[in-house]
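Undergrad: For reference, the file run09.txt (compact mmCIF, C-alpha atoms) is included below:
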# COMPACT_ATOMS: atom_id res chain seq x y z
CA MET A 109 121.46 229.10 80.52
CA SER A 110 122.85 225.53 80.60
CA PRO A 111 121.33 223.09 78.12
CA ILE A 112 118.82 220.64 79.62
CA ASN A 113 118.78 216.86 79.29
CA ARG A 114 115.22 215.49 79.28
CA GLN A 115 114.84 211.88 80.41
CA VAL A 116 112.29 209.09 80.87
CA ARG A 117 112.67 207.06 84.06
CA LEU A 118 110.87 203.90 85.19
CA ALA A 119 108.46 205.02 87.94
CA GLY A 120 107.04 201.58 88.76
CA ARG A 121 106.94 197.99 87.53
CA PRO A 122 104.05 197.58 85.08
CA SER A 123 101.38 194.93 85.41
CA GLY A 124 100.32 193.98 81.90
CA LEU A 125 100.61 196.67 79.25
CA PRO A 126 102.70 199.66 80.43
CA LYS A 127 100.63 202.70 81.43
CA PRO A 128 101.55 206.41 81.32
CA ASP A 129 102.01 206.58 85.08
CA ASP A 130 104.69 203.84 84.91
CA TRP A 131 107.03 206.63 83.70
CA GLU A 132 108.55 209.70 85.30
CA PHE A 133 109.77 212.57 83.12
CA THR A 134 112.82 214.34 84.54
CA SER A 135 115.18 217.11 83.47
CA GLU A 136 118.73 217.81 84.51
CA THR A 137 121.72 219.72 83.23
CA VAL A 138 123.57 218.10 80.31
CA PRO A 139 126.50 216.16 81.81
CA GLU A 140 130.15 217.11 81.29
CA PRO A 141 132.68 214.40 80.42
CA GLY A 142 135.27 213.43 82.99
CA PRO A 143 138.64 211.82 82.16
CA GLY A 144 138.08 208.83 79.84
CA GLN A 145 134.48 209.84 79.15
CA PHE A 146 132.47 211.50 76.38
CA VAL A 147 128.97 212.93 75.98
CA VAL A 148 126.54 211.89 73.24
CA GLU A 149 123.59 213.88 71.93
CA VAL A 150 121.04 211.14 71.19
CA SER A 151 119.31 211.40 67.80
CA HIS A 152 117.54 208.04 67.37
CA LEU A 153 116.13 205.63 69.99
CA SER A 154 115.59 201.92 69.36
CA ILE A 155 112.08 200.82 70.42
CA ASP A 156 112.09 197.07 71.07
CA PRO A 157 109.70 194.43 72.47
CA ALA A 158 112.50 193.33 74.85
CA MET A 159 112.00 196.62 76.72
CA ARG A 160 108.85 195.18 78.28
CA GLY A 161 110.85 192.35 79.85
CA TRP A 162 113.53 194.74 81.13
CA MET A 163 110.85 196.48 83.24
CA ASN A 164 110.11 193.32 85.24
CA ALA A 165 111.88 192.36 88.46
CA GLY A 166 113.44 188.89 88.62
CA ALA A 167 116.10 186.82 86.92
CA SER A 168 116.63 187.29 83.20
CA TYR A 169 119.47 187.43 80.68
CA ILE A 170 120.10 191.06 81.69
CA PRO A 171 119.44 192.86 85.01
CA PRO A 172 116.09 194.68 85.16
CA VAL A 173 115.89 198.44 84.86
CA GLU A 174 115.77 199.74 88.42
CA VAL A 175 112.77 201.82 89.50
CA GLY A 176 113.91 205.44 89.28
CA ALA A 177 116.56 204.74 86.63
CA VAL A 178 116.58 206.11 83.07
CA MET A 179 114.80 203.56 80.85
CA ARG A 180 117.27 201.34 79.02
CA ALA A 181 117.38 201.73 75.23
CA GLY A 182 119.82 201.26 72.40
CA ALA A 183 120.44 204.53 70.62
CA VAL A 184 122.47 206.38 68.01
CA GLY A 185 123.91 209.82 68.52
CA LEU A 186 126.67 212.35 67.97
CA VAL A 187 129.64 212.88 70.29
CA THR A 188 129.44 216.53 71.43
CA ALA A 189 132.20 216.61 74.08
CA SER A 190 135.03 214.17 74.76
CA GLU A 191 137.83 213.46 77.22
CA HIS A 192 138.22 209.95 75.77
CA PRO A 193 141.15 209.16 73.43
CA GLY A 194 139.07 206.76 71.32
CA PHE A 195 136.08 209.02 70.64
CA ALA A 196 136.23 212.48 69.10
CA VAL A 197 133.70 215.26 68.87
CA GLY A 198 131.75 214.67 65.64
CA ASP A 199 131.87 210.85 65.82
CA TYR A 200 128.55 209.06 65.34
CA VAL A 201 128.13 206.18 67.77
CA TYR A 202 125.75 203.40 68.83
CA GLY A 203 125.32 202.40 72.48
CA ALA A 204 122.84 201.66 75.24
CA PHE A 205 122.38 205.35 76.01
CA GLY A 206 118.82 205.14 77.38
CA VAL A 207 115.67 207.17 76.81
CA GLN A 208 117.19 210.63 77.21
CA GLU A 209 118.49 213.46 75.05
CA TYR A 210 122.12 213.28 76.22
CA ALA A 211 124.22 210.49 77.72
CA ARG A 212 127.68 210.28 79.28
CA SER A 213 129.74 207.16 78.49
CA ASP A 214 133.13 205.61 79.18
CA GLY A 215 133.00 203.85 75.80
CA ARG A 216 132.19 200.33 77.01
CA GLY A 217 129.75 198.69 74.60
CA VAL A 218 129.85 201.71 72.27
CA ILE A 219 130.42 201.21 68.54
CA LYS A 220 131.43 203.93 66.07
CA ILE A 221 129.19 204.01 63.01
CA ASP A 222 129.69 205.41 59.51
CA ILE A 223 126.61 207.36 58.45
CA SER A 224 128.02 207.75 54.94
CA LEU A 225 127.28 204.02 54.44
CA ALA A 226 123.75 204.04 55.88
CA GLU A 227 121.27 206.30 57.64
CA PRO A 228 121.59 206.48 61.46
CA ALA A 229 118.29 204.61 61.91
CA THR A 230 119.67 201.67 59.88
CA TYR A 231 122.24 201.15 62.65
CA LEU A 232 119.29 200.37 64.92
CA GLY A 233 117.82 198.01 62.29
CA ALA A 234 119.64 195.77 59.83
CA LEU A 235 123.07 197.05 60.90
CA GLY A 236 122.18 197.12 64.60
CA MET A 237 121.16 194.70 67.33
CA THR A 238 118.09 193.53 65.41
CA GLY A 239 120.14 192.60 62.34
CA LEU A 240 122.78 190.95 64.54
CA THR A 241 120.07 189.00 66.38
CA ALA A 242 118.70 187.67 63.09
CA TYR A 243 122.23 186.88 61.85
CA PHE A 244 123.47 184.89 64.85
CA GLY A 245 120.10 183.33 65.55
CA LEU A 246 119.77 181.84 62.09
CA LEU A 247 123.39 181.04 61.32
CA ASP A 248 124.75 179.95 64.72
CA VAL A 249 121.70 178.63 66.57
CA GLY A 250 119.53 177.63 63.59
CA ARG A 251 122.46 176.36 61.48
CA ILE A 252 120.40 176.87 58.32
CA LYS A 253 121.39 175.07 55.12
CA ALA A 254 120.47 175.77 51.51
CA GLY A 255 117.26 174.05 50.47
CA GLU A 256 115.72 173.97 53.95
CA THR A 257 112.29 175.37 54.79
CA VAL A 258 112.49 178.22 57.30
CA VAL A 259 109.48 179.76 59.06
CA ILE A 260 109.71 183.19 60.71
CA SER A 261 107.08 184.59 63.09
CA GLY A 262 106.83 188.33 63.57
CA ALA A 263 107.99 188.37 59.96
CA GLY A 264 107.03 192.00 59.38
CA GLY A 265 108.94 193.19 62.44
CA ALA A 266 112.50 194.33 62.91
CA VAL A 267 114.24 191.00 63.57
CA GLY A 268 111.87 188.82 61.55
CA SER A 269 112.12 190.85 58.35
CA VAL A 270 115.93 190.63 58.39
CA ALA A 271 115.98 186.96 59.44
CA GLY A 272 113.85 185.94 56.48
CA GLN A 273 116.05 187.83 54.07
CA ILE A 274 119.20 186.19 55.44
CA ALA A 275 117.55 182.79 55.02
CA LYS A 276 116.78 183.67 51.38
CA ILE A 277 120.38 184.82 50.82
CA LYS A 278 121.50 181.41 52.14
CA GLY A 279 119.26 179.55 49.68
CA CYS A 280 116.33 178.55 51.90
CA ARG A 281 112.59 178.52 51.24
CA VAL A 282 111.14 181.09 53.63
CA ILE A 283 107.60 181.42 55.00
CA GLY A 284 106.67 184.42 57.12
CA ILE A 285 103.87 184.67 59.67
CA ALA A 286 102.57 188.22 60.17
CA GLY A 287 99.40 190.09 61.11
CA GLY A 288 97.29 191.85 58.50
CA PRO A 289 97.31 192.17 54.70
CA ASP A 290 99.70 195.14 54.59
CA LYS A 291 102.37 193.33 56.58
CA CYS A 292 101.93 190.15 54.56
CA ARG A 293 102.33 192.12 51.32
CA ALA A 294 105.55 193.65 52.67
CA VAL A 295 106.83 190.21 53.75
CA THR A 296 106.59 188.80 50.21
CA GLY A 297 106.79 191.94 48.06
CA GLU A 298 109.42 193.95 49.90
CA PHE A 299 111.38 191.42 51.93
CA GLY A 300 111.22 188.63 49.33
CA PHE A 301 109.82 185.74 51.40
CA ASP A 302 108.34 182.87 49.37
CA ALA A 303 105.00 182.98 51.21
CA ALA A 304 103.23 184.84 53.99
CA ILE A 305 100.59 183.59 56.42
CA ASP A 306 98.21 186.12 58.00
CA TYR A 307 97.64 184.74 61.49
CA ARG A 308 94.71 187.12 62.00
CA THR A 309 92.61 185.62 59.20
CA GLU A 310 94.19 182.23 58.40
CA ASP A 311 94.44 178.91 60.22
CA VAL A 312 98.21 178.79 60.75
CA ARG A 313 98.44 174.99 60.96
CA LYS A 314 96.44 174.52 57.77
CA ALA A 315 98.48 177.20 55.96
CA LEU A 316 101.74 175.54 57.06
CA ARG A 317 100.53 172.21 55.65
CA GLU A 318 100.02 173.99 52.33
CA HIS A 319 103.23 176.06 52.26
CA ALA A 320 105.57 173.56 53.99
CA PRO A 321 104.28 170.12 52.96
CA GLY A 322 107.62 168.53 53.85
CA GLY A 323 107.67 170.11 57.30
CA VAL A 324 109.55 173.00 58.88
CA ASP A 325 113.33 172.60 59.20
CA VAL A 326 114.02 175.82 61.09
CA TYR A 327 111.59 178.01 63.02
CA PHE A 328 112.70 181.48 64.15
CA ASP A 329 110.24 182.41 66.90
CA ASN A 330 109.58 186.01 67.88
CA VAL A 331 106.07 185.64 69.30
CA GLY A 332 105.57 182.41 71.28
CA GLY A 333 102.04 181.46 72.35
CA GLN A 334 99.58 179.87 69.95
CA ILE A 335 101.74 180.41 66.87
CA LEU A 336 104.63 178.48 68.44
CA ASP A 337 102.16 175.69 69.26
CA ALA A 338 100.95 175.62 65.66
CA VAL A 339 104.47 175.40 64.20
CA LEU A 340 105.43 172.62 66.63
CA THR A 341 102.86 170.37 64.92
CA ARG A 342 104.58 170.81 61.53
CA LEU A 343 108.24 170.07 62.34
CA ALA A 344 110.48 168.09 60.02
CA ARG A 345 112.80 165.52 61.58
CA GLY A 346 115.83 167.21 63.13
CA ALA A 347 114.17 170.65 63.14
CA ARG A 348 115.77 173.52 65.03
CA ILE A 349 113.67 176.13 66.83
CA ILE A 350 115.27 179.44 67.78
CA ILE A 351 113.58 181.18 70.71
CA CYS A 352 114.37 184.83 70.10
CA GLY A 353 111.33 186.44 71.72
CA ALA A 354 107.71 185.96 72.72
CA VAL A 355 105.92 189.25 72.12
CA SER A 356 102.52 187.61 72.57
CA GLN A 357 103.44 186.87 76.20
CA TYR A 358 105.28 190.00 77.35
CA ASN A 359 102.23 191.77 78.78
CA GLU A 360 100.56 188.64 80.19
CA THR A 361 100.47 188.20 83.95
CA HIS A 362 100.57 184.39 83.49
CA VAL A 363 102.92 183.30 80.71
CA THR A 364 101.87 180.13 78.91
CA GLY A 365 104.47 177.69 77.62
CA PRO A 366 104.26 175.43 74.57
CA ALA A 367 101.39 172.94 74.85
CA ASN A 368 102.77 170.84 71.98
CA TYR A 369 106.34 170.49 73.24
CA LEU A 370 106.27 166.69 72.89
CA MET A 371 106.49 167.25 69.12
CA LEU A 372 110.16 167.99 69.82
CA LEU A 373 110.49 164.35 70.81
CA VAL A 374 108.54 163.06 67.82
CA ALA A 375 110.64 165.12 65.37
CA ARG A 376 113.94 164.68 67.28
CA ALA A 377 113.99 168.48 67.23
CA THR A 378 115.78 171.02 69.39
CA MET A 379 114.59 174.32 70.84
CA ALA A 380 117.23 176.80 71.96
CA GLY A 381 117.11 180.33 73.28
CA MET A 382 119.43 182.99 71.91
CA VAL A 383 120.52 186.38 73.20
CA VAL A 384 122.54 188.61 70.88
CA PHE A 385 124.80 189.92 73.67
CA ASP A 386 126.52 186.50 73.80
CA TYR A 387 128.12 187.23 70.40
CA GLU A 388 129.57 190.66 71.18
CA ASP A 389 133.12 189.71 70.18
CA ARG A 390 131.83 188.83 66.68
CA TYR A 391 129.72 191.95 66.03
CA PRO A 392 132.28 193.53 63.64
CA GLU A 393 132.41 190.52 61.29
CA ALA A 394 128.61 190.20 61.27
CA MET A 395 128.07 193.93 60.69
CA ALA A 396 130.54 193.83 57.80
CA GLU A 397 128.65 190.95 56.13
CA LEU A 398 125.26 192.59 56.73
CA ALA A 399 126.56 195.88 55.31
CA GLY A 400 127.85 194.03 52.24
CA TRP A 401 124.44 192.47 51.60
CA LEU A 402 122.79 195.87 52.12
CA GLN A 403 125.10 197.60 49.64
CA ALA A 404 124.68 194.79 47.11
CA GLY A 405 120.89 195.17 47.24
CA GLN A 406 120.41 191.65 48.66
CA LEU A 407 119.09 192.99 51.96
CA VAL A 408 116.37 195.58 52.50
CA SER A 409 116.41 197.50 55.78
CA ARG A 410 113.06 199.01 56.60
CA GLU A 411 112.79 201.41 59.51
CA HIS A 412 109.47 202.68 60.82
CA VAL A 413 110.64 206.10 62.05
CA VAL A 414 108.41 208.16 64.32
CA ARG A 415 109.54 211.73 64.95
CA GLY A 416 108.93 213.14 68.41
CA THR A 417 110.42 213.93 71.80
CA VAL A 418 111.32 211.65 74.69
CA GLY A 419 107.82 212.53 75.95
CA ASN A 420 106.39 210.43 73.10
CA PHE A 421 108.27 207.31 74.21
CA HIS A 422 105.29 205.63 75.92
CA ASP A 423 102.95 205.98 72.94
CA VAL A 424 105.60 204.77 70.48
CA LEU A 425 106.45 201.77 72.69
CA LEU A 426 102.79 200.68 72.67
CA MET A 427 102.86 200.56 68.84
CA LEU A 428 104.91 197.35 69.16
CA PHE A 429 102.18 195.50 71.02
CA ASP A 430 99.36 196.19 68.59
CA GLY A 431 101.55 195.46 65.54
CA ALA A 432 101.42 199.04 64.26
CA ASN A 433 104.98 198.98 62.91
CA THR A 434 106.48 197.26 59.87
CA GLY A 435 110.23 196.84 60.15
CA LYS A 436 112.35 198.40 62.87
CA LEU A 437 110.56 200.90 65.11
CA VAL A 438 112.69 203.99 65.81
CA LEU A 439 111.94 207.22 67.67
CA ALA A 440 113.85 210.08 66.02
CA LEU A 441 114.29 212.74 68.67
CA GLU A 442 113.27 216.30 68.13
CA LYS A 443 114.27 218.60 70.98
CA SER A 444 111.24 219.74 72.99
Show me the file's structure as structure tokens.

TA:
Amino acid sequence: MSPINRQVRLAGRPSGLPKPDDWEFTSETVPEPGPGQFVVEVSHLSIDPAMRGWMNAGASYIPPVEVGAVMRAGAVGLVTASEHPGFAVGDYVYGAFGVQEYARSDGRGVIKIDISLAEPATYLGALGMTGLTAYFGLLDVGRIKAGETVVISGAGGAVGSVAGQIAKIKGCRVIGIAGGPDKCRAVTGEFGFDAAIDYRTEDVRKALREHAPGGVDVYFDNVGGQILDAVLTRLARGARIIICGAVSQYNETHVTGPANYLMLLVARATMAGMVVFDYEDRYPEAMAELAGWLQAGQLVSREHVVRGTVGNFHDVLLMLFDGANTGKLVLALEKS
């Protein structure tokens, strides 16, 4: 009997939080590689807040997932068959393979990874797109300098936890905003931030006055909404705000923008969006530097790994939106 490839496809465009019937579970025969192609057995799926935006129709930085298509996802896996000169059976690779057990690829956008240096899941975290997002967001868009005060929202999450550590490596004072005492303990105790603000129990503006009396030089925003509004009131002159994500808004039917945007004028500040795909030609240099920090013990990569099948994808995705994960959320596939 031929091996089966189980898949998750987008059945309809969600309104608000995705529901189980927004997905269709399909099975088909594992594909064979044609000339210049290879087949990957997926072992680890990256579960990201950006997935919610990819489900929506309309203009964005990347085309939406079409209804009926396999759900887009970054993933790590093992090459099991190859007709491609650059990829051999036994190679471990990263690519946008989707929420399925096997994927066929022509190699575009696929990166070989060395699992002797780090666990496969780490290539979805600090050594993957989340680490690269933190790296280019802070260094290229934020242009951080030693001695500056940097604030990170979503500080216990995948991108935020790495961003804060990079800011510390570069000599900044770093304040993290996160939800709940466990996450705040991880932000300071595990990731080494100078301070943590629990937005669930603290007044964020008041806490920022205490922890950043001279104002915020760089704000790395992963959540948007009320927290962005609070930070806007505490900007230092010449502050830079990096808009990486807005997880507080992804499931809202009416997205709210910053009410306090005129503080950009008062502080002569800038707010810029960043998308990691714009830096693709520089991934190797960034990954090399991130790997160096990881090996030197300057950078901690924390993955929240959930073991399950592609059938568990919906439940694991929802963990992102109630803050159930600390660090990078990964679904490690077990064959059903």

Undergrad: When you look at A:Gly323 with a cut-off of 10 Å (counting all atoms listed in the file), what residues show up, excluding the ones that are within fewer than 2 positions of it in the same chain? I need them as a list in words.

TA: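 Surrounding residues, per the criterion: Glu256, Thr257, Val258, Val259, Leu316, Arg317, Glu318, His319, Ala320, Pro321, Asp325, Val326, Val339, Leu340, Thr341, Arg342, Leu343, Ala344, Arg345, Ala347 and Ala375 of chain A.
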
Undergrad: How many Å separate atom CA of A:Ile170 from atom CA of A:Gly284?

TA: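 One can read the atom CA of A:Ile170 to atom CA of A:Gly284 distance as 28.8 Å.
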
Undergrad: Give one line per residue of stretch 217-294 of chain A that approaches stretch 195-207 of chain A to at most 12 Å, naming the two atoms of the closest pair and their distance in Å to one decimal, counting all atoms listed in the file; sort by chain then ascending residue number and deliver it as JSON lines.

TA:
{"residue": "A:Gly217", "atom": "CA", "partner": "A:Gly203", "partner_atom": "CA", "distance": 6.2}
{"residue": "A:Val218", "atom": "CA", "partner": "A:Gly203", "partner_atom": "CA", "distance": 4.6}
{"residue": "A:Ile219", "atom": "CA", "partner": "A:Tyr202", "partner_atom": "CA", "distance": 5.2}
{"residue": "A:Lys220", "atom": "CA", "partner": "A:Val201", "partner_atom": "CA", "distance": 4.3}
{"residue": "A:Ile221", "atom": "CA", "partner": "A:Val201", "partner_atom": "CA", "distance": 5.3}
{"residue": "A:Asp222", "atom": "CA", "partner": "A:Tyr200", "partner_atom": "CA", "distance": 7.0}
{"residue": "A:Ile223", "atom": "CA", "partner": "A:Tyr200", "partner_atom": "CA", "distance": 7.4}
{"residue": "A:Ser224", "atom": "CA", "partner": "A:Tyr200", "partner_atom": "CA", "distance": 10.5}
{"residue": "A:Ala226", "atom": "CA", "partner": "A:Tyr200", "partner_atom": "CA", "distance": 11.7}
{"residue": "A:Glu227", "atom": "CA", "partner": "A:Tyr200", "partner_atom": "CA", "distance": 11.0}
{"residue": "A:Pro228", "atom": "CA", "partner": "A:Tyr200", "partner_atom": "CA", "distance": 8.4}
{"residue": "A:Ala229", "atom": "CA", "partner": "A:Tyr202", "partner_atom": "CA", "distance": 10.2}
{"residue": "A:Thr230", "atom": "CA", "partner": "A:Tyr202", "partner_atom": "CA", "distance": 11.0}
{"residue": "A:Tyr231", "atom": "CA", "partner": "A:Tyr202", "partner_atom": "CA", "distance": 7.5}
{"residue": "A:Leu232", "atom": "CA", "partner": "A:Tyr202", "partner_atom": "CA", "distance": 8.1}
{"residue": "A:Gly233", "atom": "CA", "partner": "A:Tyr202", "partner_atom": "CA", "distance": 11.6}
{"residue": "A:Leu235", "atom": "CA", "partner": "A:Tyr202", "partner_atom": "CA", "distance": 10.5}
{"residue": "A:Gly236", "atom": "CA", "partner": "A:Tyr202", "partner_atom": "CA", "distance": 8.4}
{"residue": "A:Met237", "atom": "CA", "partner": "A:Tyr202", "partner_atom": "CA", "distance": 10.0}

Undergrad: Those selected residues, please, written with C-alpha atoms and delivered as a CSV table (one decimal), keeping the file's coordinate frame.

TA:
chain,number,residue,atom,x,y,z
A,217,GLY,CA,129.8,198.7,74.6
A,218,VAL,CA,129.8,201.7,72.3
A,219,ILE,CA,130.4,201.2,68.5
A,220,LYS,CA,131.4,203.9,66.1
A,221,ILE,CA,129.2,204.0,63.0
A,222,ASP,CA,129.7,205.4,59.5
A,223,ILE,CA,126.6,207.4,58.4
A,224,SER,CA,128.0,207.8,54.9
A,226,ALA,CA,123.8,204.0,55.9
A,227,GLU,CA,121.3,206.3,57.6
A,228,PRO,CA,121.6,206.5,61.5
A,229,ALA,CA,118.3,204.6,61.9
A,230,THR,CA,119.7,201.7,59.9
A,231,TYR,CA,122.2,201.2,62.6
A,232,LEU,CA,119.3,200.4,64.9
A,233,GLY,CA,117.8,198.0,62.3
A,235,LEU,CA,123.1,197.0,60.9
A,236,GLY,CA,122.2,197.1,64.6
A,237,MET,CA,121.2,194.7,67.3

Undergrad: Would you compute the distance between atom CA of A:Tyr169 and atom CA of A:Gly332? Give it in Å to one decimal.

TA: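 Taking atom CA of A:Tyr169 and atom CA of A:Gly332, their separation equals 17.5 Å.
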
Undergrad: Can you tell me which residues surround stretch 112-120 of chain A at a distance of at most 7 Å, considering all atoms listed in the file, apart from same-chain residues fewer than 6 positions away, and format the answer as a PyMOL selection string?

TA: chain A and resi 130-138+175-179+207-210+418

Undergrad: By how many Å are atom CA of A:Ile155 and atom CA of A:Leu439 apart?

TA: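 So the answer is 7.0 Å.
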
Undergrad: Using only C-alpha atoms, which residue out of A:Ala338, A:Ala266, A:Ala183, A:Val324 lies closest to A:Gly353?

TA: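 Smallest separation from A:Gly353 among the options: A:Ala266.
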
Undergrad: Pick from A:Asn164, A:Pro141, A:Leu240, A:Gly182: nearest to A:Asp389, with only C-alpha atoms counted?

TA: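 Result for the nearest residue to A:Asp389: A:Leu240.
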
Undergrad: Hey, what's within 9 Å of A:Met379 if we count all atoms listed in the file and toss same-chain stuff fewer than 6 positions away? As a ChimeraX atom specification, please?

TA: /A:347-351,372

Undergrad: Restrict the selected residues to C-alpha atoms and save them as a PDB file, in the frame of the given file.

TA:
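Writing done, so here's selection.pdb:
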ATOM      1  CA  ALA A 347     114.170 170.650  63.140  1.00  0.00           C
ATOM      2  CA  ARG A 348     115.770 173.520  65.030  1.00  0.00           C
ATOM      3  CA  ILE A 349     113.670 176.130  66.830  1.00  0.00           C
ATOM      4  CA  ILE A 350     115.270 179.440  67.780  1.00  0.00           C
ATOM      5  CA  ILE A 351     113.580 181.180  70.710  1.00  0.00           C
ATOM      6  CA  LEU A 372     110.160 167.990  69.820  1.00  0.00           C
TER       7      LEU A 372
END
